[in-house]
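Source file: start-v5.cif. Holds: mmCIF, N, CA and C atoms.
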```cif
data_my_file
loop_
_atom_site.label_atom_id
_atom_site.label_comp_id
_atom_site.auth_asym_id
_atom_site.auth_seq_id
_atom_site.Cartn_x
_atom_site.Cartn_y
_atom_site.Cartn_z
N GLN A 1 -20.21 -36.61 -27.87
CA GLN A 1 -20.80 -37.92 -27.62
C GLN A 1 -22.25 -37.91 -28.10
N VAL A 2 -22.65 -39.01 -28.74
CA VAL A 2 -24.00 -39.12 -29.27
C VAL A 2 -24.98 -39.33 -28.13
N GLN A 3 -26.05 -38.54 -28.13
CA GLN A 3 -27.10 -38.71 -27.14
C GLN A 3 -28.46 -38.52 -27.78
N LEU A 4 -29.35 -39.42 -27.50
CA LEU A 4 -30.75 -39.32 -27.90
C LEU A 4 -31.57 -39.77 -26.70
N VAL A 5 -32.34 -38.87 -26.13
CA VAL A 5 -33.11 -39.19 -24.94
C VAL A 5 -34.57 -38.89 -25.21
N GLU A 6 -35.35 -39.96 -25.35
CA GLU A 6 -36.78 -39.83 -25.60
C GLU A 6 -37.55 -39.86 -24.29
N SER A 7 -38.64 -39.10 -24.24
CA SER A 7 -39.48 -39.07 -23.04
C SER A 7 -40.90 -38.71 -23.43
N GLY A 8 -41.82 -38.87 -22.47
CA GLY A 8 -43.20 -38.45 -22.67
C GLY A 8 -44.18 -39.57 -22.93
N GLY A 9 -43.70 -40.79 -23.04
CA GLY A 9 -44.60 -41.90 -23.27
C GLY A 9 -45.41 -42.24 -22.04
N GLY A 10 -46.33 -43.18 -22.20
CA GLY A 10 -47.16 -43.60 -21.08
C GLY A 10 -48.33 -44.42 -21.53
N LEU A 11 -49.22 -44.66 -20.58
CA LEU A 11 -50.45 -45.41 -20.85
C LEU A 11 -51.59 -44.40 -21.04
N VAL A 12 -52.31 -44.54 -22.13
CA VAL A 12 -53.40 -43.61 -22.43
C VAL A 12 -54.56 -44.39 -23.03
N GLN A 13 -55.76 -43.90 -22.79
CA GLN A 13 -56.93 -44.54 -23.36
C GLN A 13 -57.09 -44.17 -24.83
N PRO A 14 -57.76 -45.02 -25.60
CA PRO A 14 -58.04 -44.65 -27.01
C PRO A 14 -58.71 -43.29 -27.09
N GLY A 15 -58.26 -42.50 -28.05
CA GLY A 15 -58.76 -41.14 -28.19
C GLY A 15 -57.96 -40.12 -27.42
N GLY A 16 -57.06 -40.56 -26.58
CA GLY A 16 -56.25 -39.64 -25.78
C GLY A 16 -55.07 -39.07 -26.54
N SER A 17 -54.28 -38.26 -25.82
CA SER A 17 -53.15 -37.57 -26.43
C SER A 17 -51.90 -37.74 -25.59
N LEU A 18 -50.77 -37.68 -26.25
CA LEU A 18 -49.47 -37.65 -25.60
C LEU A 18 -48.55 -36.74 -26.42
N ARG A 19 -47.58 -36.18 -25.75
CA ARG A 19 -46.55 -35.40 -26.44
C ARG A 19 -45.20 -35.98 -26.12
N LEU A 20 -44.52 -36.49 -27.12
CA LEU A 20 -43.20 -37.06 -26.94
C LEU A 20 -42.14 -35.99 -27.18
N SER A 21 -41.05 -36.10 -26.45
CA SER A 21 -39.91 -35.19 -26.63
C SER A 21 -38.66 -36.02 -26.83
N CYS A 22 -37.73 -35.46 -27.57
CA CYS A 22 -36.44 -36.12 -27.79
C CYS A 22 -35.35 -35.07 -27.74
N ALA A 23 -34.50 -35.19 -26.73
CA ALA A 23 -33.35 -34.30 -26.61
C ALA A 23 -32.17 -34.97 -27.30
N ALA A 24 -31.61 -34.28 -28.26
CA ALA A 24 -30.51 -34.85 -29.05
C ALA A 24 -29.25 -34.03 -28.84
N SER A 25 -28.12 -34.69 -28.92
CA SER A 25 -26.86 -33.96 -28.82
C SER A 25 -26.70 -33.09 -30.06
N GLY A 26 -26.01 -31.99 -29.87
CA GLY A 26 -25.89 -31.04 -30.96
C GLY A 26 -25.26 -31.61 -32.20
N SER A 27 -24.34 -32.57 -32.01
CA SER A 27 -23.66 -33.16 -33.15
C SER A 27 -24.62 -33.92 -34.05
N ILE A 28 -25.71 -34.42 -33.45
CA ILE A 28 -26.73 -35.12 -34.23
C ILE A 28 -27.73 -34.14 -34.80
N PHE A 29 -28.13 -33.21 -33.97
CA PHE A 29 -29.29 -32.39 -34.30
C PHE A 29 -29.01 -31.35 -35.37
N SER A 30 -27.91 -30.70 -35.22
CA SER A 30 -27.65 -29.56 -36.10
C SER A 30 -27.54 -30.01 -37.56
N ARG A 31 -28.25 -29.32 -38.38
CA ARG A 31 -28.23 -29.49 -39.84
C ARG A 31 -28.79 -30.83 -40.32
N ASN A 32 -29.39 -31.62 -39.42
CA ASN A 32 -29.95 -32.90 -39.82
C ASN A 32 -31.46 -32.90 -39.81
N ALA A 33 -32.04 -33.52 -40.82
CA ALA A 33 -33.45 -33.86 -40.71
C ALA A 33 -33.59 -34.89 -39.60
N MET A 34 -34.71 -34.85 -38.91
CA MET A 34 -34.95 -35.76 -37.79
C MET A 34 -36.24 -36.54 -38.03
N GLY A 35 -36.34 -37.66 -37.37
CA GLY A 35 -37.53 -38.48 -37.53
C GLY A 35 -37.95 -39.13 -36.24
N TRP A 36 -39.20 -39.47 -36.15
CA TRP A 36 -39.73 -40.32 -35.08
C TRP A 36 -40.04 -41.67 -35.71
N TYR A 37 -39.62 -42.71 -35.01
CA TYR A 37 -39.80 -44.08 -35.45
C TYR A 37 -40.50 -44.85 -34.34
N ARG A 38 -41.11 -45.98 -34.68
CA ARG A 38 -41.71 -46.80 -33.65
C ARG A 38 -41.57 -48.27 -33.99
N GLN A 39 -41.57 -49.07 -32.96
CA GLN A 39 -41.48 -50.52 -33.14
C GLN A 39 -42.48 -51.19 -32.21
N ALA A 40 -43.44 -51.84 -32.81
CA ALA A 40 -44.44 -52.60 -32.06
C ALA A 40 -43.93 -54.02 -31.84
N PRO A 41 -44.42 -54.71 -30.82
CA PRO A 41 -43.97 -56.08 -30.56
C PRO A 41 -44.15 -56.97 -31.79
N GLY A 42 -43.09 -57.67 -32.15
CA GLY A 42 -43.16 -58.59 -33.28
C GLY A 42 -43.10 -57.94 -34.64
N LYS A 43 -42.89 -56.63 -34.67
CA LYS A 43 -42.85 -55.92 -35.95
C LYS A 43 -41.53 -55.20 -36.12
N GLN A 44 -41.24 -54.84 -37.36
CA GLN A 44 -40.04 -54.08 -37.61
C GLN A 44 -40.25 -52.61 -37.25
N ARG A 45 -39.17 -51.95 -36.97
CA ARG A 45 -39.24 -50.52 -36.69
C ARG A 45 -39.66 -49.79 -37.97
N GLU A 46 -40.54 -48.80 -37.80
CA GLU A 46 -41.03 -48.04 -38.95
C GLU A 46 -40.91 -46.54 -38.68
N LEU A 47 -40.77 -45.81 -39.76
CA LEU A 47 -40.75 -44.35 -39.66
C LEU A 47 -42.18 -43.86 -39.48
N VAL A 48 -42.38 -42.98 -38.53
CA VAL A 48 -43.70 -42.40 -38.28
C VAL A 48 -43.81 -41.01 -38.91
N ALA A 49 -42.80 -40.19 -38.71
CA ALA A 49 -42.82 -38.83 -39.22
C ALA A 49 -41.39 -38.32 -39.32
N ASN A 50 -41.16 -37.39 -40.22
CA ASN A 50 -39.85 -36.76 -40.30
C ASN A 50 -39.99 -35.28 -40.57
N ILE A 51 -38.96 -34.54 -40.21
CA ILE A 51 -38.98 -33.09 -40.32
C ILE A 51 -37.61 -32.62 -40.80
N ALA A 52 -37.62 -31.67 -41.73
CA ALA A 52 -36.37 -31.14 -42.26
C ALA A 52 -35.64 -30.32 -41.19
N SER A 53 -34.37 -30.05 -41.43
CA SER A 53 -33.57 -29.32 -40.45
C SER A 53 -34.14 -27.95 -40.15
N SER A 54 -34.77 -27.34 -41.14
CA SER A 54 -35.37 -26.00 -40.95
C SER A 54 -36.75 -26.07 -40.32
N GLY A 55 -37.32 -27.25 -40.26
CA GLY A 55 -38.69 -27.40 -39.75
C GLY A 55 -39.73 -27.61 -40.83
N ILE A 56 -39.36 -27.34 -42.03
CA ILE A 56 -40.24 -27.53 -43.17
C ILE A 56 -39.43 -28.16 -44.29
N PRO A 57 -39.95 -29.19 -44.95
CA PRO A 57 -41.27 -29.80 -44.78
C PRO A 57 -41.30 -30.89 -43.71
N THR A 58 -42.50 -31.39 -43.47
CA THR A 58 -42.71 -32.55 -42.62
C THR A 58 -43.44 -33.61 -43.43
N ASN A 59 -43.26 -34.85 -43.04
CA ASN A 59 -43.93 -35.96 -43.72
C ASN A 59 -44.38 -36.97 -42.68
N TYR A 60 -45.47 -37.67 -43.01
CA TYR A 60 -46.05 -38.61 -42.07
C TYR A 60 -46.43 -39.91 -42.78
N VAL A 61 -46.34 -40.99 -42.04
CA VAL A 61 -46.86 -42.24 -42.56
C VAL A 61 -48.38 -42.12 -42.60
N ALA A 62 -49.01 -42.78 -43.56
CA ALA A 62 -50.44 -42.58 -43.79
C ALA A 62 -51.28 -42.85 -42.55
N SER A 63 -50.88 -43.82 -41.75
CA SER A 63 -51.70 -44.22 -40.61
C SER A 63 -51.79 -43.16 -39.51
N VAL A 64 -50.90 -42.16 -39.52
CA VAL A 64 -50.92 -41.14 -38.47
C VAL A 64 -51.25 -39.75 -39.00
N LYS A 65 -51.39 -39.61 -40.29
CA LYS A 65 -51.68 -38.29 -40.87
C LYS A 65 -52.96 -37.72 -40.29
N GLY A 66 -52.89 -36.45 -39.92
CA GLY A 66 -54.05 -35.80 -39.35
C GLY A 66 -54.18 -36.00 -37.85
N ARG A 67 -53.38 -36.91 -37.28
CA ARG A 67 -53.44 -37.16 -35.83
C ARG A 67 -52.14 -36.78 -35.13
N PHE A 68 -51.02 -36.96 -35.80
CA PHE A 68 -49.71 -36.67 -35.21
C PHE A 68 -49.12 -35.43 -35.85
N THR A 69 -48.34 -34.69 -35.06
CA THR A 69 -47.62 -33.52 -35.56
C THR A 69 -46.19 -33.55 -35.05
N ILE A 70 -45.25 -33.49 -35.96
CA ILE A 70 -43.84 -33.44 -35.59
C ILE A 70 -43.38 -31.98 -35.64
N SER A 71 -42.54 -31.60 -34.68
CA SER A 71 -41.99 -30.25 -34.67
C SER A 71 -40.61 -30.30 -34.03
N ARG A 72 -39.88 -29.22 -34.12
CA ARG A 72 -38.55 -29.18 -33.55
C ARG A 72 -38.23 -27.79 -33.04
N ASP A 73 -37.37 -27.73 -32.04
CA ASP A 73 -36.85 -26.48 -31.50
C ASP A 73 -35.33 -26.55 -31.66
N ASN A 74 -34.81 -25.86 -32.64
CA ASN A 74 -33.38 -25.97 -32.94
C ASN A 74 -32.50 -25.31 -31.87
N LEU A 75 -33.07 -24.40 -31.10
CA LEU A 75 -32.30 -23.79 -30.02
C LEU A 75 -32.13 -24.75 -28.85
N LYS A 76 -33.09 -25.65 -28.70
CA LYS A 76 -33.05 -26.61 -27.59
C LYS A 76 -32.59 -27.99 -28.04
N ASN A 77 -32.27 -28.15 -29.32
CA ASN A 77 -31.88 -29.46 -29.85
C ASN A 77 -32.91 -30.53 -29.50
N THR A 78 -34.17 -30.20 -29.66
CA THR A 78 -35.25 -31.08 -29.26
C THR A 78 -36.26 -31.23 -30.39
N VAL A 79 -36.73 -32.45 -30.55
CA VAL A 79 -37.78 -32.72 -31.52
C VAL A 79 -38.97 -33.30 -30.76
N TYR A 80 -40.16 -32.94 -31.21
CA TYR A 80 -41.39 -33.33 -30.51
C TYR A 80 -42.30 -34.13 -31.44
N LEU A 81 -43.17 -34.90 -30.82
CA LEU A 81 -44.23 -35.57 -31.56
C LEU A 81 -45.51 -35.44 -30.75
N GLN A 82 -46.41 -34.61 -31.23
CA GLN A 82 -47.73 -34.47 -30.62
C GLN A 82 -48.63 -35.53 -31.22
N MET A 83 -49.19 -36.36 -30.36
CA MET A 83 -50.02 -37.47 -30.83
C MET A 83 -51.42 -37.30 -30.26
N ASN A 84 -52.38 -37.13 -31.13
CA ASN A 84 -53.78 -36.97 -30.74
C ASN A 84 -54.60 -38.14 -31.27
N ASN A 85 -55.78 -38.31 -30.67
CA ASN A 85 -56.70 -39.37 -31.11
C ASN A 85 -55.96 -40.71 -31.23
N LEU A 86 -55.25 -41.06 -30.18
CA LEU A 86 -54.45 -42.28 -30.21
C LEU A 86 -55.32 -43.53 -30.32
N LYS A 87 -54.78 -44.51 -31.02
CA LYS A 87 -55.48 -45.77 -31.25
C LYS A 87 -54.64 -46.93 -30.70
N PRO A 88 -55.27 -48.04 -30.39
CA PRO A 88 -54.51 -49.19 -29.87
C PRO A 88 -53.36 -49.60 -30.79
N GLU A 89 -53.53 -49.43 -32.09
CA GLU A 89 -52.47 -49.80 -33.03
C GLU A 89 -51.28 -48.85 -33.00
N ASP A 90 -51.38 -47.76 -32.25
CA ASP A 90 -50.24 -46.86 -32.06
C ASP A 90 -49.32 -47.36 -30.94
N THR A 91 -49.74 -48.39 -30.24
CA THR A 91 -48.91 -48.93 -29.17
C THR A 91 -47.59 -49.43 -29.71
N ALA A 92 -46.50 -48.89 -29.15
CA ALA A 92 -45.16 -49.23 -29.64
C ALA A 92 -44.13 -48.53 -28.77
N LEU A 93 -42.89 -48.90 -29.00
CA LEU A 93 -41.76 -48.18 -28.43
C LEU A 93 -41.35 -47.12 -29.46
N TYR A 94 -41.34 -45.88 -29.04
CA TYR A 94 -41.08 -44.77 -29.95
C TYR A 94 -39.65 -44.26 -29.77
N TYR A 95 -38.99 -44.04 -30.90
CA TYR A 95 -37.62 -43.55 -30.93
C TYR A 95 -37.52 -42.32 -31.81
N CYS A 96 -36.55 -41.48 -31.52
CA CYS A 96 -36.20 -40.44 -32.47
C CYS A 96 -34.80 -40.72 -32.98
N ASN A 97 -34.51 -40.17 -34.14
CA ASN A 97 -33.18 -40.30 -34.73
C ASN A 97 -33.09 -39.36 -35.91
N VAL A 98 -31.93 -39.32 -36.50
CA VAL A 98 -31.80 -38.56 -37.74
C VAL A 98 -32.68 -39.22 -38.79
N PHE A 99 -32.99 -38.50 -39.83
CA PHE A 99 -33.72 -39.05 -40.95
C PHE A 99 -32.90 -38.87 -42.21
N PRO A 100 -32.67 -39.96 -42.96
CA PRO A 100 -33.05 -41.34 -42.62
C PRO A 100 -32.05 -42.00 -41.67
N ALA A 101 -32.50 -43.00 -40.95
CA ALA A 101 -31.64 -43.75 -40.04
C ALA A 101 -31.77 -45.24 -40.33
N THR A 102 -30.72 -45.96 -40.06
CA THR A 102 -30.73 -47.42 -40.25
C THR A 102 -30.39 -48.09 -38.93
N ARG A 103 -30.36 -49.40 -38.94
CA ARG A 103 -30.03 -50.13 -37.71
C ARG A 103 -28.60 -49.86 -37.28
N ASN A 104 -27.80 -49.36 -38.19
CA ASN A 104 -26.40 -49.09 -37.87
C ASN A 104 -26.21 -47.75 -37.16
N ASN A 105 -27.24 -46.91 -37.14
CA ASN A 105 -27.16 -45.67 -36.38
C ASN A 105 -27.23 -45.99 -34.89
N TYR A 106 -26.73 -45.08 -34.08
CA TYR A 106 -26.94 -45.18 -32.64
C TYR A 106 -28.41 -44.91 -32.33
N TRP A 107 -29.02 -45.76 -31.49
CA TRP A 107 -30.42 -45.58 -31.10
C TRP A 107 -30.49 -45.42 -29.58
N GLY A 108 -31.37 -44.51 -29.14
CA GLY A 108 -31.59 -44.34 -27.71
C GLY A 108 -32.47 -45.44 -27.15
N GLN A 109 -32.94 -45.25 -25.92
CA GLN A 109 -33.75 -46.26 -25.25
C GLN A 109 -35.20 -46.27 -25.70
N GLY A 110 -35.64 -45.17 -26.27
CA GLY A 110 -37.03 -45.08 -26.68
C GLY A 110 -37.95 -44.77 -25.52
N THR A 111 -39.19 -44.48 -25.83
CA THR A 111 -40.21 -44.24 -24.81
C THR A 111 -41.45 -45.04 -25.20
N GLN A 112 -42.01 -45.76 -24.23
CA GLN A 112 -43.11 -46.67 -24.50
C GLN A 112 -44.44 -45.92 -24.52
N VAL A 113 -45.20 -46.16 -25.56
CA VAL A 113 -46.56 -45.64 -25.66
C VAL A 113 -47.51 -46.84 -25.71
N THR A 114 -48.44 -46.86 -24.78
CA THR A 114 -49.43 -47.93 -24.72
C THR A 114 -50.82 -47.31 -24.75
N VAL A 115 -51.60 -47.72 -25.74
CA VAL A 115 -52.95 -47.21 -25.89
C VAL A 115 -53.92 -48.35 -25.61
N SER A 116 -54.62 -48.23 -24.50
CA SER A 116 -55.49 -49.31 -24.07
C SER A 116 -56.56 -48.79 -23.14
N SER A 117 -57.73 -49.40 -23.22
CA SER A 117 -58.80 -49.03 -22.29
C SER A 117 -58.78 -49.95 -21.06
#
```
Exercise: express the given structure as structure tokens:
Amino acid sequence: QVQLVESGGGLVQPGGSLRLSCAASGSIFSRNAMGWYRQAPGKQRELVANIASSGIPTNYVASVKGRFTISRDNLKNTVYLQMNNLKPEDTALYYCNVFPATRNNYWGQGTQVTVSS
């Protein structure tokens, strides 16, 4: 059964940090590149970062480069997103999924990140 469970979101002040986690079912995780995506109110979902099945390479959207780090633990079927120096424009619902993913993929509930003073 497909499972994607995102966690770790919350309310943080600008400049703060959060670490997101995503537990994925083995059928999804194994041998797949994974990605973190986000959707802000009124906007389309966008890819934030992706990581190869081996952990290398990683890629980031320009707006988060140098601030976010994606990683994975293949023994735990978990992918992480370390987010530092958060900005109000990072406010969104964050999802993980295989990379690449489309609207036709199964999507989890996501985890809300709100950056506000």
Between atom C of Gln3 of chain A and atom N of Ile28 of chain A, what is the distance in Å, rounded to a tenth? 7.5 Å
So which residues touch Gly26 of chain A within 10 Å, counting only C-alpha atoms, skipping near sequence neighbours fewer than 2 positions away, as JSON, numbers by chain? {"A": [1, 2, 3, 23, 24, 28, 29, 30, 31, 32, 74, 75, 76, 77, 78]}
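Comparing A:Met83, A:Ile70, A:Cys96, A:Ile51 by their smallest distance to Pro14 of chain A, the closest is A:Met83 (using only C-alpha atoms).
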Return as an NGL selection string the set of residues that the PyMOL selection byres (((chain A and resi 101 and name CA) around 12) and name CA) yields on the displayed structure. :A and (28 or 32-37 or 45-47 or 50 or 95-100 or 102-107)
Is there a way to get, as a ChimeraX atom specification, all residues within 6 Å of the point (-37.1, -36.7, -23.6) in file coordinates, counting only N, CA and C atoms? /A:5-8,21-23
Please report, as a list in words, each residue of chain A to which DSSP assigns helix (DSSP H, G or I) when run on this structure's backbone. Gly26, Ser27, Ile28, Phe29, Ala62, Ser63, Val64, Pro88, Glu89 and Asp90 of chain A
